[in-house]
Amino acid sequence: MKSIDLTHFISIKQVQEQYHLQGYQLVDQSVGYDDHIYFLFDQSSLQSNTKTITYTVVQIAMDWGNMTVESTQLLFTKKLDNNFHFVQPIGQEILLLNARCHLYRNKTAENNAVIVDRLGNIVREMCLGDGIENCIVTDDARIITSYFDEGVFGNYGWGNVDSEEPIGSCGLIVWNQYGEIIWKNEHYDICDCYAMNIDSKQNLWFYYYTDFELIKTDFKTDIRFSPQVSGAHGFLINPQQTAILFSGGYQESCFYEYQIGKEGLENQIKCDILLSGSSSKTTGYHFRSSKLLILNEQQRLYYFDYQTGESVAQ
C-alpha cells in the first residue's frame, strides 16, 4: 500500500468571505485549459419560485510548480435564466452548462449551455443535450461532453416524445464553440460514460459502462486498456503518459496506480489519498489531465498535480 498526502488546499469559506458570498453555495469547481481553478457559486438557496438564479464565477490563478495560489479574481456576478452545473473557460470567455435539457413537444430542445464574456454577458446559447456527466473544454475551444444513462437512453423529456433519439445517445461528443458536432463516439457501446480526461497532448481518454474499458483516442486511432476496476469515477494521467492514477470504483475509496507499458496497464499498486488535517468526508472530485481537486465537508478544496509515477510516496 502506498499513500499520497495532500497538504495544499483552498478554503472555500475564505473565498466566500473575501467576495461577500455568504449564503451562496458552491456548485462546481474545475481546472481549465489555462490551469486556473474556477469556482461556480449560485444563490439558489436564497431564491425561491424563480427560474432566474444569481451566479458568481471566481478564478484562482495557480502556480502548480510551487503548489501555490497566485491570485484570486471575481469575474462576475450575474442573474441568468438557467440551472447551471458546470463551469469551464473557453478562450477568453466562460462556458456555463446545465447537465439537464428538456425536449419540448414541438421537438425543439432548450439551450442548456451559454457562453458568457468576463462580465457575465451572454455571447451565445446552444443545446448540448440532456444527461451530461462531465464537460471538458480544450485549449482550442472544443467542448467535450460525456453522458450518463438518462442522456444516452432518454429520460427527462426525451424518452416520451415519439421516438426522438437523445442527443447524447452515443455517450460522448466533441463540439465546436458554436455548438456544432465535430466528433462523436461511433465504436463503443457506452451506456454511461463514468469518467473522461485529456492528457498533455490533448488526447481524449474515457472509461465507460458496461465494459469498463479505458480508451485513449486522438480522434483517428484508439488504444484500449483494461484497468480491471468496476465503477471508477475518475483518473489522472501524468504529463509523460507513463503512469495513470485510477479511482477504486464501487465501494472503494482508494486509488490504483499503473505504469502505462507496451502491453497495457502494468504493475498495479493500491494507493490511499490522504487529506492532511482533515477527518471529514470527501464531497466532490474533479480530474483534469494530471491535476486533481478534492472537496471535503469542511469546505476545503485540496489540490494535487500527479507529475510522475514516482510522485506516489511510501
# chains A, B, ... in the order shown; residues from 1 in each chain; ligands from 1
>>> residues_around(residues="segment 233-245 of chain A", least_positions_apart="2", cutoff="9 Å", atoms="only C-alpha atoms", output="VMD selection string")
chain A and resid 194 to 201 207 231 247 to 250 255 to 261 265 271 285 to 292 305 to 310
>>> closest_atom_pairs(of="segment 197-309 of chain A", to="segment 7-25 of chain A", cutoff="10 Å", atoms="only C-alpha atoms", output="JSON lines")
{"residue": "A:Leu274", "atom": "CA", "partner": "A:Thr7", "partner_atom": "CA", "distance": 8.6}
{"residue": "A:Leu275", "atom": "CA", "partner": "A:Thr7", "partner_atom": "CA", "distance": 6.5}
{"residue": "A:Ser276", "atom": "CA", "partner": "A:Thr7", "partner_atom": "CA", "distance": 5.1}
{"residue": "A:Gly277", "atom": "CA", "partner": "A:Thr7", "partner_atom": "CA", "distance": 7.8}
{"residue": "A:Ser278", "atom": "CA", "partner": "A:Thr7", "partner_atom": "CA", "distance": 9.7}
{"residue": "A:Leu293", "atom": "CA", "partner": "A:Phe9", "partner_atom": "CA", "distance": 9.0}
{"residue": "A:Ile294", "atom": "CA", "partner": "A:Phe9", "partner_atom": "CA", "distance": 8.9}
{"residue": "A:Leu295", "atom": "CA", "partner": "A:Phe9", "partner_atom": "CA", "distance": 9.1}
{"residue": "A:Gln298", "atom": "CA", "partner": "A:Ser11", "partner_atom": "CA", "distance": 8.5}
{"residue": "A:Gln299", "atom": "CA", "partner": "A:Ile12", "partner_atom": "CA", "distance": 5.4}
{"residue": "A:Arg300", "atom": "CA", "partner": "A:Ser11", "partner_atom": "CA", "distance": 4.8}
{"residue": "A:Leu301", "atom": "CA", "partner": "A:Ile10", "partner_atom": "CA", "distance": 5.0}
{"residue": "A:Tyr302", "atom": "CA", "partner": "A:Phe9", "partner_atom": "CA", "distance": 4.0}
{"residue": "A:Tyr303", "atom": "CA", "partner": "A:Phe9", "partner_atom": "CA", "distance": 5.9}
{"residue": "A:Phe304", "atom": "CA", "partner": "A:His8", "partner_atom": "CA", "distance": 7.5}
>>> closest_residue(among="A:Ser71, A:Lys262, A:Ile273, A:His102", to="Leu6 of chain A", atoms="only C-alpha atoms")
A:Ile273
>>> atom_distance(atom1="atom CA of Asp130 of chain A", atom2="atom CA of Phe86 of chain A")
13.4 Å
>>> select_by_dssp(residues="segment 30-131 of chain A", states="strand (DSSP E or B)", output="JSON list (two decimals) with N, CA, C and O atoms, in the first residue's frame")
[["chain", "number", "residue", "atom", "x", "y", "z"],
["A", 30, "SER", "N", -13.52, 23.46, -10.98],
["A", 30, "SER", "CA", -12.88, 22.78, -12.10],
["A", 30, "SER", "C", -11.57, 23.46, -12.45],
["A", 30, "SER", "O", -11.32, 24.62, -12.10],
["A", 31, "VAL", "N", -10.72, 22.70, -13.16],
["A", 31, "VAL", "CA", -9.48, 23.23, -13.71],
["A", 31, "VAL", "C", -9.70, 23.47, -15.20],
["A", 31, "VAL", "O", -10.22, 22.61, -15.90],
["A", 37, "ILE", "N", -8.01, 27.45, -11.59],
["A", 37, "ILE", "CA", -9.17, 26.82, -10.96],
["A", 37, "ILE", "C", -10.34, 27.79, -11.05],
["A", 37, "ILE", "O", -10.19, 29.00, -10.81],
["A", 38, "TYR", "N", -11.52, 27.26, -11.38],
["A", 38, "TYR", "CA", -12.72, 28.08, -11.50],
["A", 38, "TYR", "C", -13.78, 27.58, -10.53],
["A", 38, "TYR", "O", -14.04, 26.37, -10.45],
["A", 39, "PHE", "N", -14.38, 28.52, -9.79],
["A", 39, "PHE", "CA", -15.49, 28.22, -8.89],
["A", 39, "PHE", "C", -16.77, 28.80, -9.48],
["A", 39, "PHE", "O", -16.78, 29.95, -9.93],
["A", 40, "LEU", "N", -17.84, 28.02, -9.43],
["A", 40, "LEU", "CA", -19.17, 28.49, -9.78],
["A", 40, "LEU", "C", -20.03, 28.46, -8.53],
["A", 40, "LEU", "O", -20.28, 27.40, -7.97],
["A", 41, "PHE", "N", -20.45, 29.63, -8.08],
["A", 41, "PHE", "CA", -21.35, 29.76, -6.93],
["A", 41, "PHE", "C", -22.73, 30.17, -7.43],
["A", 41, "PHE", "O", -22.84, 30.91, -8.42],
["A", 42, "ASP", "N", -23.77, 29.73, -6.72],
["A", 42, "ASP", "CA", -25.10, 30.26, -7.02],
["A", 42, "ASP", "C", -25.83, 30.63, -5.74],
["A", 42, "ASP", "O", -25.44, 30.22, -4.64],
["A", 53, "ILE", "N", -31.53, 32.73, -11.55],
["A", 53, "ILE", "CA", -30.63, 32.46, -10.43],
["A", 53, "ILE", "C", -29.41, 33.38, -10.55],
["A", 53, "ILE", "O", -28.91, 33.62, -11.65],
["A", 54, "THR", "N", -28.94, 33.88, -9.42],
["A", 54, "THR", "CA", -27.74, 34.70, -9.40],
["A", 54, "THR", "C", -26.51, 33.82, -9.30],
["A", 54, "THR", "O", -26.40, 33.00, -8.39],
["A", 55, "TYR", "N", -25.60, 33.98, -10.26],
["A", 55, "TYR", "CA", -24.37, 33.18, -10.31],
["A", 55, "TYR", "C", -23.15, 34.08, -10.13],
["A", 55, "TYR", "O", -23.15, 35.24, -10.58],
["A", 56, "THR", "N", -22.13, 33.51, -9.51],
["A", 56, "THR", "CA", -20.85, 34.18, -9.38],
["A", 56, "THR", "C", -19.75, 33.21, -9.81],
["A", 56, "THR", "O", -19.76, 32.05, -9.41],
["A", 57, "VAL", "N", -18.82, 33.69, -10.63],
["A", 57, "VAL", "CA", -17.67, 32.89, -11.06],
["A", 57, "VAL", "C", -16.41, 33.54, -10.51],
["A", 57, "VAL", "O", -16.18, 34.75, -10.68],
["A", 58, "VAL", "N", -15.59, 32.73, -9.84],
["A", 58, "VAL", "CA", -14.31, 33.17, -9.29],
["A", 58, "VAL", "C", -13.20, 32.38, -9.94],
["A", 58, "VAL", "O", -13.30, 31.16, -10.08],
["A", 59, "GLN", "N", -12.14, 33.09, -10.35],
["A", 59, "GLN", "CA", -10.97, 32.45, -10.96],
["A", 59, "GLN", "C", -9.80, 32.46, -9.97],
["A", 59, "GLN", "O", -9.49, 33.50, -9.37],
["A", 60, "ILE", "N", -9.17, 31.28, -9.81],
["A", 60, "ILE", "CA", -8.00, 31.16, -8.95],
["A", 60, "ILE", "C", -6.80, 30.89, -9.86],
["A", 60, "ILE", "O", -6.71, 29.83, -10.48],
["A", 61, "ALA", "N", -5.88, 31.85, -9.95],
["A", 61, "ALA", "CA", -4.66, 31.66, -10.75],
["A", 61, "ALA", "C", -3.66, 30.85, -9.93],
["A", 61, "ALA", "O", -3.36, 31.19, -8.78],
["A", 62, "MET", "N", -3.17, 29.74, -10.52],
["A", 62, "MET", "CA", -2.33, 28.79, -9.80],
["A", 62, "MET", "C", -0.89, 28.78, -10.32],
["A", 62, "MET", "O", -0.64, 28.94, -11.51],
["A", 63, "ASP", "N", 0.03, 28.56, -9.39],
["A", 63, "ASP", "CA", 1.41, 28.19, -9.72],
["A", 63, "ASP", "C", 1.56, 26.73, -9.31],
["A", 63, "ASP", "O", 1.84, 26.41, -8.17],
["A", 68, "THR", "N", 1.11, 26.71, -5.24],
["A", 68, "THR", "CA", 0.63, 27.88, -4.52],
["A", 68, "THR", "C", -0.43, 28.62, -5.34],
["A", 68, "THR", "O", -0.48, 28.51, -6.56],
["A", 69, "VAL", "N", -1.25, 29.38, -4.63],
["A", 69, "VAL", "CA", -2.24, 30.25, -5.27],
["A", 69, "VAL", "C", -1.56, 31.58, -5.55],
["A", 69, "VAL", "O", -1.00, 32.22, -4.65],
["A", 70, "GLU", "N", -1.61, 32.02, -6.83],
["A", 70, "GLU", "CA", -1.00, 33.29, -7.20],
["A", 70, "GLU", "C", -1.95, 34.46, -6.94],
["A", 70, "GLU", "O", -1.54, 35.51, -6.45],
["A", 71, "SER", "N", -3.23, 34.27, -7.29],
["A", 71, "SER", "CA", -4.20, 35.35, -7.11],
["A", 71, "SER", "C", -5.60, 34.79, -7.22],
["A", 71, "SER", "O", -5.82, 33.70, -7.76],
["A", 72, "THR", "N", -6.56, 35.54, -6.72],
["A", 72, "THR", "CA", -7.98, 35.21, -6.90],
["A", 72, "THR", "C", -8.67, 36.42, -7.51],
["A", 72, "THR", "O", -8.29, 37.57, -7.25],
["A", 73, "GLN", "N", -9.67, 36.15, -8.33],
["A", 73, "GLN", "CA", -10.38, 37.24, -9.00],
["A", 73, "GLN", "C", -11.84, 36.87, -9.18],
["A", 73, "GLN", "O", -12.15, 35.79, -9.69],
["A", 74, "LEU", "N", -12.73, 37.74, -8.76],
["A", 74, "LEU", "CA", -14.15, 37.56, -9.04],
["A", 74, "LEU", "C", -14.39, 38.07, -10.46],
["A", 74, "LEU", "O", -14.17, 39.24, -10.76],
["A", 75, "LEU", "N", -14.82, 37.17, -11.34],
["A", 75, "LEU", "CA", -15.04, 37.55, -12.74],
["A", 75, "LEU", "C", -16.36, 38.28, -12.91],
["A", 75, "LEU", "O", -16.42, 39.31, -13.56],
["A", 76, "PHE", "N", -17.44, 37.72, -12.36],
["A", 76, "PHE", "CA", -18.73, 38.39, -12.48],
["A", 76, "PHE", "C", -19.73, 37.79, -11.51],
["A", 76, "PHE", "O", -19.59, 36.67, -11.04],
["A", 77, "THR", "N", -20.75, 38.58, -11.21],
["A", 77, "THR", "CA", -21.97, 38.13, -10.55],
["A", 77, "THR", "C", -23.12, 38.53, -11.48],
["A", 77, "THR", "O", -23.24, 39.70, -11.85],
["A", 78, "LYS", "N", -23.95, 37.55, -11.85],
["A", 78, "LYS", "CA", -24.95, 37.80, -12.90],
["A", 78, "LYS", "C", -26.19, 36.95, -12.66],
["A", 78, "LYS", "O", -26.09, 35.79, -12.28],
["A", 79, "LYS", "N", -27.36, 37.51, -12.93],
["A", 79, "LYS", "CA", -28.60, 36.76, -12.90],
["A", 79, "LYS", "C", -28.81, 36.13, -14.27],
["A", 79, "LYS", "O", -28.78, 36.82, -15.29],
["A", 80, "LEU", "N", -29.04, 34.80, -14.29],
["A", 80, "LEU", "CA", -29.22, 34.07, -15.54],
["A", 80, "LEU", "C", -30.39, 33.12, -15.42],
["A", 80, "LEU", "O", -30.66, 32.58, -14.35],
["A", 86, "PHE", "N", -21.94, 23.20, -14.45],
["A", 86, "PHE", "CA", -20.53, 23.14, -14.84],
["A", 86, "PHE", "C", -20.04, 24.53, -15.24],
["A", 86, "PHE", "O", -20.79, 25.32, -15.83],
["A", 87, "VAL", "N", -18.75, 24.79, -14.96],
["A", 87, "VAL", "CA", -18.09, 26.00, -15.43],
["A", 87, "VAL", "C", -16.75, 25.61, -16.02],
["A", 87, "VAL", "O", -16.02, 24.79, -15.46],
["A", 88, "GLN", "N", -16.42, 26.20, -17.20],
["A", 88, "GLN", "CA", -15.13, 26.00, -17.85],
["A", 88, "GLN", "C", -14.78, 27.25, -18.65],
["A", 88, "GLN", "O", -15.66, 27.85, -19.28],
["A", 89, "PRO", "N", -13.50, 27.65, -18.65],
["A", 89, "PRO", "CA", -13.11, 28.74, -19.55],
["A", 89, "PRO", "C", -13.09, 28.23, -20.99],
["A", 89, "PRO", "O", -12.77, 27.07, -21.24],
["A", 90, "ILE", "N", -13.47, 29.10, -21.92],
["A", 90, "ILE", "CA", -13.42, 28.75, -23.34],
["A", 90, "ILE", "C", -12.86, 29.97, -24.06],
["A", 90, "ILE", "O", -13.52, 30.99, -24.20],
["A", 93, "GLU", "N", -13.51, 33.57, -22.84],
["A", 93, "GLU", "CA", -14.88, 33.62, -22.32],
["A", 93, "GLU", "C", -15.11, 32.46, -21.36],
["A", 93, "GLU", "O", -14.19, 31.70, -21.02],
["A", 94, "ILE", "N", -16.35, 32.31, -20.90],
["A", 94, "ILE", "CA", -16.70, 31.30, -19.91],
["A", 94, "ILE", "C", -17.90, 30.49, -20.40],
["A", 94, "ILE", "O", -18.90, 31.06, -20.85],
["A", 95, "LEU", "N", -17.79, 29.17, -20.32],
["A", 95, "LEU", "CA", -18.90, 28.27, -20.61],
["A", 95, "LEU", "C", -19.60, 27.90, -19.32],
["A", 95, "LEU", "O", -18.95, 27.44, -18.37],
["A", 96, "LEU", "N", -20.92, 28.06, -19.29],
["A", 96, "LEU", "CA", -21.76, 27.58, -18.20],
["A", 96, "LEU", "C", -22.71, 26.55, -18.79],
["A", 96, "LEU", "O", -23.34, 26.79, -19.83],
["A", 97, "LEU", "N", -22.85, 25.42, -18.11],
["A", 97, "LEU", "CA", -23.58, 24.30, -18.69],
["A", 97, "LEU", "C", -24.51, 23.67, -17.67],
["A", 97, "LEU", "O", -24.11, 23.38, -16.54],
["A", 103, "LEU", "N", -36.67, 18.41, -23.90],
["A", 103, "LEU", "CA", -37.15, 18.41, -25.28],
["A", 103, "LEU", "C", -38.64, 18.71, -25.26],
["A", 103, "LEU", "O", -39.42, 17.99, -24.64],
["A", 109, "ALA", "N", -35.41, 21.69, -28.53],
["A", 109, "ALA", "CA", -34.77, 21.47, -27.23],
["A", 109, "ALA", "C", -34.31, 22.80, -26.65],
["A", 109, "ALA", "O", -33.91, 23.72, -27.38],
["A", 113, "ALA", "N", -26.66, 25.39, -22.52],
["A", 113, "ALA", "CA", -25.29, 25.89, -22.41],
["A", 113, "ALA", "C", -25.26, 27.34, -22.87],
["A", 113, "ALA", "O", -25.91, 27.70, -23.86],
["A", 114, "VAL", "N", -24.52, 28.15, -22.15],
["A", 114, "VAL", "CA", -24.30, 29.53, -22.58],
["A", 114, "VAL", "C", -22.81, 29.84, -22.49],
["A", 114, "VAL", "O", -22.10, 29.32, -21.63],
["A", 115, "ILE", "N", -22.35, 30.66, -23.41],
["A", 115, "ILE", "CA", -21.01, 31.22, -23.34],
["A", 115, "ILE", "C", -21.17, 32.69, -23.01],
["A", 115, "ILE", "O", -21.92, 33.41, -23.68],
["A", 116, "VAL", "N", -20.50, 33.11, -21.95],
["A", 116, "VAL", "CA", -20.60, 34.49, -21.49],
["A", 116, "VAL", "C", -19.23, 35.14, -21.52],
["A", 116, "VAL", "O", -18.19, 34.45, -21.48],
["A", 122, "ILE", "N", -24.19, 37.32, -21.98],
["A", 122, "ILE", "CA", -24.32, 36.17, -22.86],
["A", 122, "ILE", "C", -23.82, 36.51, -24.26],
["A", 122, "ILE", "O", -24.26, 37.47, -24.88],
["A", 123, "VAL", "N", -22.90, 35.67, -24.76],
["A", 123, "VAL", "CA", -22.36, 35.80, -26.11],
["A", 123, "VAL", "C", -23.15, 34.93, -27.07],
["A", 123, "VAL", "O", -23.50, 35.34, -28.17],
["A", 124, "ARG", "N", -23.41, 33.67, -26.64],
["A", 124, "ARG", "CA", -24.24, 32.77, -27.44],
["A", 124, "ARG", "C", -24.81, 31.68, -26.54],
["A", 124, "ARG", "O", -24.27, 31.41, -25.46],
["A", 125, "GLU", "N", -25.89, 31.06, -27.01],
["A", 125, "GLU", "CA", -26.53, 29.94, -26.33],
["A", 125, "GLU", "C", -26.59, 28.75, -27.27],
["A", 125, "GLU", "O", -26.63, 28.91, -28.49],
["A", 126, "MET", "N", -26.62, 27.54, -26.70],
["A", 126, "MET", "CA", -26.66, 26.34, -27.52],
["A", 126, "MET", "C", -27.21, 25.18, -26.71],
["A", 126, "MET", "O", -27.29, 25.24, -25.48]]
>>> select_by_dssp(residues="segment 122-217 of chain A", states="alpha helix (DSSP H)", output="VMD selection string")
chain A and resid 149 to 153
>>> write_last_selection(atoms="N, CA and C atoms", output="compact mmCIF listing (two decimals), in the first residue's frame")
# COMPACT_ATOMS: atom_id res chain seq x y z
N ASP A 149 -26.59 7.55 -18.13
CA ASP A 149 -27.58 6.69 -18.79
C ASP A 149 -28.83 7.42 -19.25
N GLU A 150 -29.31 8.40 -18.48
CA GLU A 150 -30.51 9.12 -18.89
C GLU A 150 -30.27 9.98 -20.14
N GLY A 151 -29.05 10.41 -20.33
CA GLY A 151 -28.71 11.13 -21.54
C GLY A 151 -28.52 10.22 -22.74
N VAL A 152 -28.12 8.98 -22.48
CA VAL A 152 -27.90 8.00 -23.55
C VAL A 152 -29.22 7.40 -24.02
N PHE A 153 -30.07 7.00 -23.06
CA PHE A 153 -31.29 6.27 -23.40
C PHE A 153 -32.54 7.14 -23.44
>>> atom_distance(atom1="atom CA of Ile173 of chain A", atom2="atom CA of Gln228 of chain A")
25.2 Å
>>> residues_around(residues="Ile167 of chain A", least_positions_apart="4", cutoff="12 Å", atoms="only C-alpha atoms", output="number ranges by chain")
A: 100-103, 108-109, 127-132, 145-148, 150-155, 158-159, 171-175, 180-181, 184-185
